[in-house]
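upload_22.tsv follows; it contains TSV, C-alpha atoms.
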```tsv
chain	number	residue	atom	x	y	z
A	1424	MET	CA	10.64	8.64	7.03
A	1425	THR	CA	11.13	4.90	7.36
A	1426	LEU	CA	14.80	4.07	7.55
A	1427	VAL	CA	16.25	1.35	5.38
A	1428	THR	CA	18.33	-0.56	7.93
A	1429	GLU	CA	20.89	-3.28	7.36
A	1430	GLU	CA	18.51	-5.69	9.11
A	1431	LEU	CA	15.78	-4.81	6.61
A	1432	LYS	CA	18.19	-5.13	3.70
A	1433	ALA	CA	19.13	-8.62	4.88
A	1434	LYS	CA	15.50	-9.72	4.38
A	1435	ALA	CA	15.10	-7.98	1.02
A	1436	GLU	CA	15.79	-8.56	-2.62
A	1437	VAL	CA	18.16	-5.66	-3.33
A	1438	CYS	CA	19.28	-4.42	-6.75
A	1439	TYR	CA	21.90	-1.87	-7.68
A	1440	GLY	CA	22.26	0.32	-10.76
A	1441	ASP	CA	19.75	2.46	-12.61
A	1442	GLN	CA	18.78	0.09	-15.42
A	1443	VAL	CA	18.37	-3.01	-13.23
A	1444	CYS	CA	16.43	-1.07	-10.58
A	1445	ARG	CA	14.10	0.48	-13.16
A	1446	GLU	CA	13.38	-2.94	-14.69
A	1447	LYS	CA	12.77	-4.60	-11.31
A	1448	PHE	CA	10.57	-1.77	-10.03
A	1449	SER	CA	8.55	-1.70	-13.27
A	1450	LEU	CA	7.95	-5.45	-12.90
A	1451	LEU	CA	6.84	-4.93	-9.30
A	1452	LEU	CA	4.41	-2.18	-10.33
A	1453	ALA	CA	2.92	-4.49	-12.98
A	1454	GLU	CA	2.70	-7.34	-10.47
A	1455	ILE	CA	0.67	-5.26	-8.01
A	1456	GLY	CA	-1.56	-3.80	-10.73
A	1457	LEU	CA	-0.13	-0.29	-11.06
A	1458	PRO	CA	1.08	1.31	-14.31
A	1459	ASP	CA	4.84	1.30	-14.89
A	1460	GLY	CA	4.65	4.93	-16.05
A	1461	LEU	CA	4.65	5.87	-12.36
A	1462	LEU	CA	8.40	5.23	-12.38
A	1463	THR	CA	9.71	8.31	-14.18
A	1464	ILE	CA	12.85	8.91	-12.18
A	1465	GLU	CA	16.39	8.21	-13.33
A	1466	ASP	CA	19.72	7.65	-11.63
A	1467	ILE	CA	18.44	5.05	-9.17
A	1468	GLU	CA	21.36	3.70	-7.19
A	1469	GLU	CA	19.53	1.03	-5.19
A	1470	CYS	CA	16.10	-0.52	-4.87
A	1471	GLY	CA	14.85	-3.14	-2.50
A	1472	TYR	CA	11.75	-5.18	-1.82
A	1473	VAL	CA	10.83	-7.11	1.32
A	1474	LYS	CA	8.08	-9.29	-0.12
A	1475	GLU	CA	6.61	-10.59	3.18
A	1476	LYS	CA	6.09	-7.01	4.44
A	1477	GLY	CA	5.41	-5.41	1.06
A	1478	PHE	CA	8.07	-2.81	1.86
A	1479	VAL	CA	9.95	-1.18	-1.04
A	1480	TRP	CA	12.53	1.55	-1.33
A	1481	LEU	CA	14.43	3.47	-3.97
A	1482	LYS	CA	17.66	5.35	-3.34
A	1483	LEU	CA	18.49	8.03	-5.89
A	1484	GLU	CA	21.75	9.86	-6.58
A	1485	LYS	CA	19.98	13.09	-5.63
A	1486	LYS	CA	16.52	14.66	-5.40
A	1487	ARG	CA	14.68	14.68	-8.71
A	1488	GLU	CA	11.74	16.56	-10.18
A	1489	HIS	CA	9.47	15.38	-12.97
A	1490	ARG	CA	6.59	17.18	-14.69
A	1491	PHE	CA	3.32	15.36	-15.40
A	1492	ASP	CA	1.30	17.84	-17.43
A	1493	ASN	CA	0.97	20.88	-15.08
A	1494	ILE	CA	1.90	19.01	-11.91
A	1495	ILE	CA	5.50	18.86	-10.70
A	1496	VAL	CA	6.51	15.80	-8.69
A	1497	CYS	CA	9.59	15.94	-6.45
A	1498	TYR	CA	11.30	12.71	-5.40
A	1499	ASP	CA	13.59	12.85	-2.36
A	1500	SER	CA	16.88	10.93	-2.45
A	1501	VAL	CA	15.13	8.06	-0.61
A	1502	VAL	CA	11.57	6.98	-1.43
A	1503	THR	CA	9.88	4.29	0.66
A	1504	ALA	CA	6.44	2.65	0.63
A	1505	TYR	CA	4.41	-0.43	1.35
A	1506	VAL	CA	2.75	-2.11	-1.62
A	1507	GLU	CA	-0.24	-4.38	-1.96
A	1508	PRO	CA	-2.52	-5.21	-4.90
A	1509	ASN	CA	-3.55	-2.00	-6.69
A	1510	LYS	CA	-2.10	0.23	-3.96
A	1511	ILE	CA	0.99	2.00	-2.66
A	1512	LYS	CA	0.55	3.20	0.92
A	1513	ASN	CA	2.67	4.91	3.60
A	1514	LEU	CA	4.60	6.55	0.79
A	1515	THR	CA	7.48	8.79	1.89
A	1516	GLY	CA	9.82	11.01	-0.09
A	1517	VAL	CA	7.36	12.16	-2.78
A	1518	LYS	CA	5.75	15.61	-3.05
A	1519	ALA	CA	3.57	17.10	-5.77
A	1520	LYS	CA	3.11	20.75	-6.65
A	1521	ASP	CA	-0.17	21.81	-8.15
A	1522	PHE	CA	-0.46	25.54	-8.82
A	1523	LEU	CA	1.50	27.14	-5.95
A	1524	LEU	CA	1.20	24.52	-3.22
A	1525	TRP	CA	3.36	21.49	-2.42
A	1526	PHE	CA	1.59	18.38	-1.08
A	1527	THR	CA	3.29	15.34	0.42
A	1528	LEU	CA	1.82	12.24	-1.21
A	1529	ASN	CA	1.22	9.20	0.95
A	1530	GLU	CA	-0.98	6.89	-1.11
A	1531	ILE	CA	-1.59	5.84	-4.70
A	1532	HIS	CA	-4.31	3.40	-5.71
A	1533	VAL	CA	-6.12	2.11	-8.78
A	1534	LYS	CA	-9.85	1.36	-8.98
A	1535	GLY	CA	-12.14	0.23	-11.74
A	1536	PRO	CA	-12.22	-2.29	-14.56
A	1537	PRO	CA	-9.03	-2.62	-16.62
A	1538	GLU	CA	-10.41	-0.67	-19.60
A	1539	GLY	CA	-11.57	2.30	-17.51
A	1540	SER	CA	-9.38	2.27	-14.43
A	1541	VAL	CA	-8.73	5.42	-12.45
A	1542	ILE	CA	-5.57	6.12	-10.48
A	1543	THR	CA	-5.83	8.32	-7.41
A	1544	PHE	CA	-3.03	10.15	-5.63
A	1545	LYS	CA	-3.74	11.09	-2.00
A	1546	SER	CA	-1.90	13.61	0.13
A	1547	MET	CA	-1.32	13.58	3.87
A	1548	VAL	CA	-3.76	16.49	4.29
A	1549	GLY	CA	-6.63	14.57	2.69
A	1550	LEU	CA	-6.51	16.08	-0.80
A	1551	SER	CA	-6.64	13.71	-3.74
A	1552	MET	CA	-6.42	13.83	-7.52
A	1553	SER	CA	-7.63	11.16	-9.94
A	1554	PHE	CA	-6.59	10.46	-13.53
A	1555	PRO	CA	-7.20	7.68	-16.07
A	1556	VAL	CA	-4.59	4.93	-15.65
A	1557	SER	CA	-3.89	5.07	-19.38
A	1558	LEU	CA	-2.09	8.40	-18.87
A	1559	PHE	CA	0.63	6.47	-17.06
A	1560	GLN	CA	0.85	3.51	-19.46
A	1561	ALA	CA	1.14	4.72	-23.03
A	1562	GLY	CA	3.45	6.87	-25.14
A	1563	LYS	CA	3.13	10.67	-25.14
A	1564	GLU	CA	0.90	10.83	-28.25
A	1565	VAL	CA	-1.58	8.32	-26.86
A	1566	GLN	CA	-1.48	10.04	-23.45
A	1567	GLU	CA	-2.55	13.38	-24.96
A	1568	GLU	CA	-5.40	11.74	-26.90
A	1569	THR	CA	-6.57	9.86	-23.80
A	1570	LYS	CA	-6.39	13.00	-21.67
A	1571	GLU	CA	-8.60	14.89	-24.14
A	1572	LYS	CA	-11.19	12.09	-24.12
A	1573	TRP	CA	-11.07	11.98	-20.30
A	1574	TRP	CA	-11.74	15.71	-19.95
A	1575	ARG	CA	-14.59	15.48	-22.47
A	1576	MET	CA	-16.16	12.68	-20.36
A	1577	ILE	CA	-15.87	14.79	-17.18
A	1578	LYS	CA	-17.54	17.80	-18.83
A	1579	LEU	CA	-20.55	15.73	-20.00
```

For the structure just supplied, provide its representation as structure tokens.
Amino acid sequence: MTLVTEELKAKAEVCYGDQVCREKFSLLLAEIGLPDGLLTIEDIEECGYVKEKGFVWLKLEKKREHRFDNIIVCYDSVVTAYVEPNKIKNLTGVKAKDFLLWFTLNEIHVKGPPEGSVITFKSMVGLSMSFPVSLFQAGKEVQEETKEKWWRMIKL
């Protein structure tokens, strides 16, 4: 895992406190073209962004788990990544469990036109899963409706 050093912090915009960090990170996600629904974790103690390198980190009070439909995502106490337009790469500190297996995620990217964009999560072992971006943007009711339409499109 990439260490967040004092030297790196000196070059970064650093925020402290859950609410401020969530707001800043959501703005960053929007700026790079990713849905803010990717940030589902709470109790963020610190976040930082080194703009010239695209390096970001989140420090949490403790490990967290979040359920997206039937997939469980586990966030370590430190999550790091490099960001660029429509992509998070070299992601550390995030695992997903689908069925019985845990996979370490290392990349997230969005492709497609804004109205039909697809977000893909890639693991270190080469497995990937894709979903409509709208599942990570809207409220729960709209997410369920969008998911049903998405699965109908896949079956056609």

(request) Determine the nearest neighbour of A:Tyr1505 from the options A:Leu1483, A:Ile1531, A:Leu1461, A:Cys1438, counting all atoms listed in the file. (result)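 Checking each candidate against A:Tyr1505, we get A:Ile1531 as the closest.
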
(request) Please return, as a count of residues only, all polymer residues that have at least one atom within 12 Å of the point (18.1, -8.4, -2.8); use all atoms listed in the file and the file's own coordinate frame. (result) 21

(request) Tell me, in Å to one decimal, how far atom CA of A:Gly1460 is from atom CA of A:Leu1558. (result)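 Atom-to-atom, atom CA of A:Gly1460 and atom CA of A:Leu1558 are spaced 8.1 Å apart.
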
(request) Work out how far atom CA of A:Glu1507 is from atom CA of A:Asn1493, in Å to one decimal. (result)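 Straight-line distance from atom CA of A:Asn1493 to atom CA of A:Glu1507 works out to 28.5 Å.
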
(request) Record the distance separating atom CA of A:Leu1528 and atom CA of A:Ser1546, expressed in Å with one decimal. (result)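 Between atom CA of A:Leu1528 and atom CA of A:Ser1546 the gap is 4.2 Å.
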
(message) From the options A:Val1533, A:Thr1543, A:Leu1426, A:Arg1490, which residue's atoms come nearest to A:Val1502, counting all atoms listed in the file?
(response)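 So, comparing all the options, the nearest one is A:Leu1426.
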
(message) So, with all atoms listed in the file as the atoms that count, which of A:Asn1513, A:Gln1560, A:Asn1529, A:Ser1551 lies closest to A:Ser1449?
(response)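 Of all the options, A:Gln1560 lies closest to A:Ser1449.
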
(message) Here is a test: counting all atoms listed in the file, which residue of A:Pro1508, A:Arg1487, A:Ile1495, A:Lys1476 is nearest to A:Leu1451?
(response)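 Nearest to A:Leu1451: A:Pro1508.
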
(message) Nearest residue to A:Gly1535 out of A:Ser1553, A:Glu1430, A:Gln1442, A:Ile1494, using all atoms listed in the file?
(response)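 Looking at the shortest contact to A:Gly1535, the residue is A:Ser1553.
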
(message) Counting all atoms listed in the file, find residues at most 12 Å from (-3.7, 12.0, -3.1) (file frame) and give them as a PyMOL selection string.
(response) chain A and resi 1510-1514+1517-1521+1525-1533+1542-1554

Generate the missing atoms of stretch 1532-1543 of chain A up to all heavy atoms and report them as a compact mmCIF listing (two decimals), keeping the file's coordinate frame.
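File rebuild_19.txt, as written:
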```
# COMPACT_ATOMS: atom_id res chain seq x y z
N HIS A 1532 -3.57 4.63 -5.48
CA HIS A 1532 -4.31 3.40 -5.71
C HIS A 1532 -5.08 3.46 -7.02
O HIS A 1532 -5.36 4.53 -7.54
CB HIS A 1532 -5.24 3.07 -4.53
CG HIS A 1532 -6.37 4.03 -4.36
ND1 HIS A 1532 -6.29 5.12 -3.54
CD2 HIS A 1532 -7.61 4.06 -4.89
CE1 HIS A 1532 -7.43 5.78 -3.58
NE2 HIS A 1532 -8.24 5.17 -4.40
N VAL A 1533 -5.40 2.25 -7.53
CA VAL A 1533 -6.12 2.11 -8.78
C VAL A 1533 -7.45 1.43 -8.49
O VAL A 1533 -7.51 0.45 -7.73
CB VAL A 1533 -5.30 1.25 -9.79
CG1 VAL A 1533 -6.13 0.91 -11.01
CG2 VAL A 1533 -4.04 1.97 -10.19
N LYS A 1534 -8.52 1.96 -9.10
CA LYS A 1534 -9.85 1.36 -8.98
C LYS A 1534 -10.49 1.30 -10.35
O LYS A 1534 -10.23 2.14 -11.19
CB LYS A 1534 -10.74 2.18 -8.05
CG LYS A 1534 -10.39 2.08 -6.59
CD LYS A 1534 -11.43 2.77 -5.75
CE LYS A 1534 -11.04 2.63 -4.29
NZ LYS A 1534 -11.96 3.33 -3.41
N GLY A 1535 -11.36 0.32 -10.52
CA GLY A 1535 -12.14 0.23 -11.74
C GLY A 1535 -11.74 -0.93 -12.60
O GLY A 1535 -10.72 -1.58 -12.37
N PRO A 1536 -12.55 -1.21 -13.64
CA PRO A 1536 -12.22 -2.29 -14.56
C PRO A 1536 -10.99 -1.92 -15.38
O PRO A 1536 -10.70 -0.73 -15.55
CB PRO A 1536 -13.48 -2.38 -15.45
CG PRO A 1536 -14.09 -1.03 -15.38
CD PRO A 1536 -13.77 -0.49 -14.00
N PRO A 1537 -10.27 -2.91 -15.89
CA PRO A 1537 -9.03 -2.62 -16.62
C PRO A 1537 -9.17 -1.59 -17.75
O PRO A 1537 -8.30 -0.77 -17.94
CB PRO A 1537 -8.62 -3.98 -17.18
CG PRO A 1537 -9.25 -4.97 -16.27
CD PRO A 1537 -10.53 -4.33 -15.78
N GLU A 1538 -10.28 -1.60 -18.47
CA GLU A 1538 -10.41 -0.67 -19.60
C GLU A 1538 -10.76 0.75 -19.17
O GLU A 1538 -10.61 1.68 -19.95
CB GLU A 1538 -11.44 -1.19 -20.62
CG GLU A 1538 -12.87 -1.26 -20.12
CD GLU A 1538 -13.18 -2.50 -19.28
OE1 GLU A 1538 -12.34 -3.40 -19.20
OE2 GLU A 1538 -14.27 -2.55 -18.70
N GLY A 1539 -11.20 0.96 -17.94
CA GLY A 1539 -11.57 2.30 -17.51
C GLY A 1539 -11.05 2.63 -16.12
O GLY A 1539 -11.69 3.37 -15.39
N SER A 1540 -9.92 2.08 -15.77
CA SER A 1540 -9.38 2.27 -14.43
C SER A 1540 -8.99 3.71 -14.17
O SER A 1540 -8.59 4.44 -15.07
CB SER A 1540 -8.16 1.38 -14.21
OG SER A 1540 -8.50 0.04 -14.29
N VAL A 1541 -9.09 4.09 -12.91
CA VAL A 1541 -8.73 5.42 -12.45
C VAL A 1541 -7.64 5.28 -11.39
O VAL A 1541 -7.73 4.41 -10.52
CB VAL A 1541 -9.96 6.15 -11.85
CG1 VAL A 1541 -9.56 7.48 -11.25
CG2 VAL A 1541 -11.02 6.33 -12.91
N ILE A 1542 -6.62 6.12 -11.49
CA ILE A 1542 -5.57 6.12 -10.48
C ILE A 1542 -5.72 7.38 -9.65
O ILE A 1542 -5.94 8.47 -10.18
CB ILE A 1542 -4.16 6.02 -11.13
CG1 ILE A 1542 -3.09 5.83 -10.05
CG2 ILE A 1542 -3.86 7.21 -12.02
CD1 ILE A 1542 -1.76 5.34 -10.59
N THR A 1543 -5.64 7.21 -8.33
CA THR A 1543 -5.83 8.32 -7.41
C THR A 1543 -4.58 8.51 -6.57
O THR A 1543 -4.02 7.55 -6.06
CB THR A 1543 -7.05 8.06 -6.48
OG1 THR A 1543 -8.20 7.90 -7.30
CG2 THR A 1543 -7.27 9.21 -5.52
```
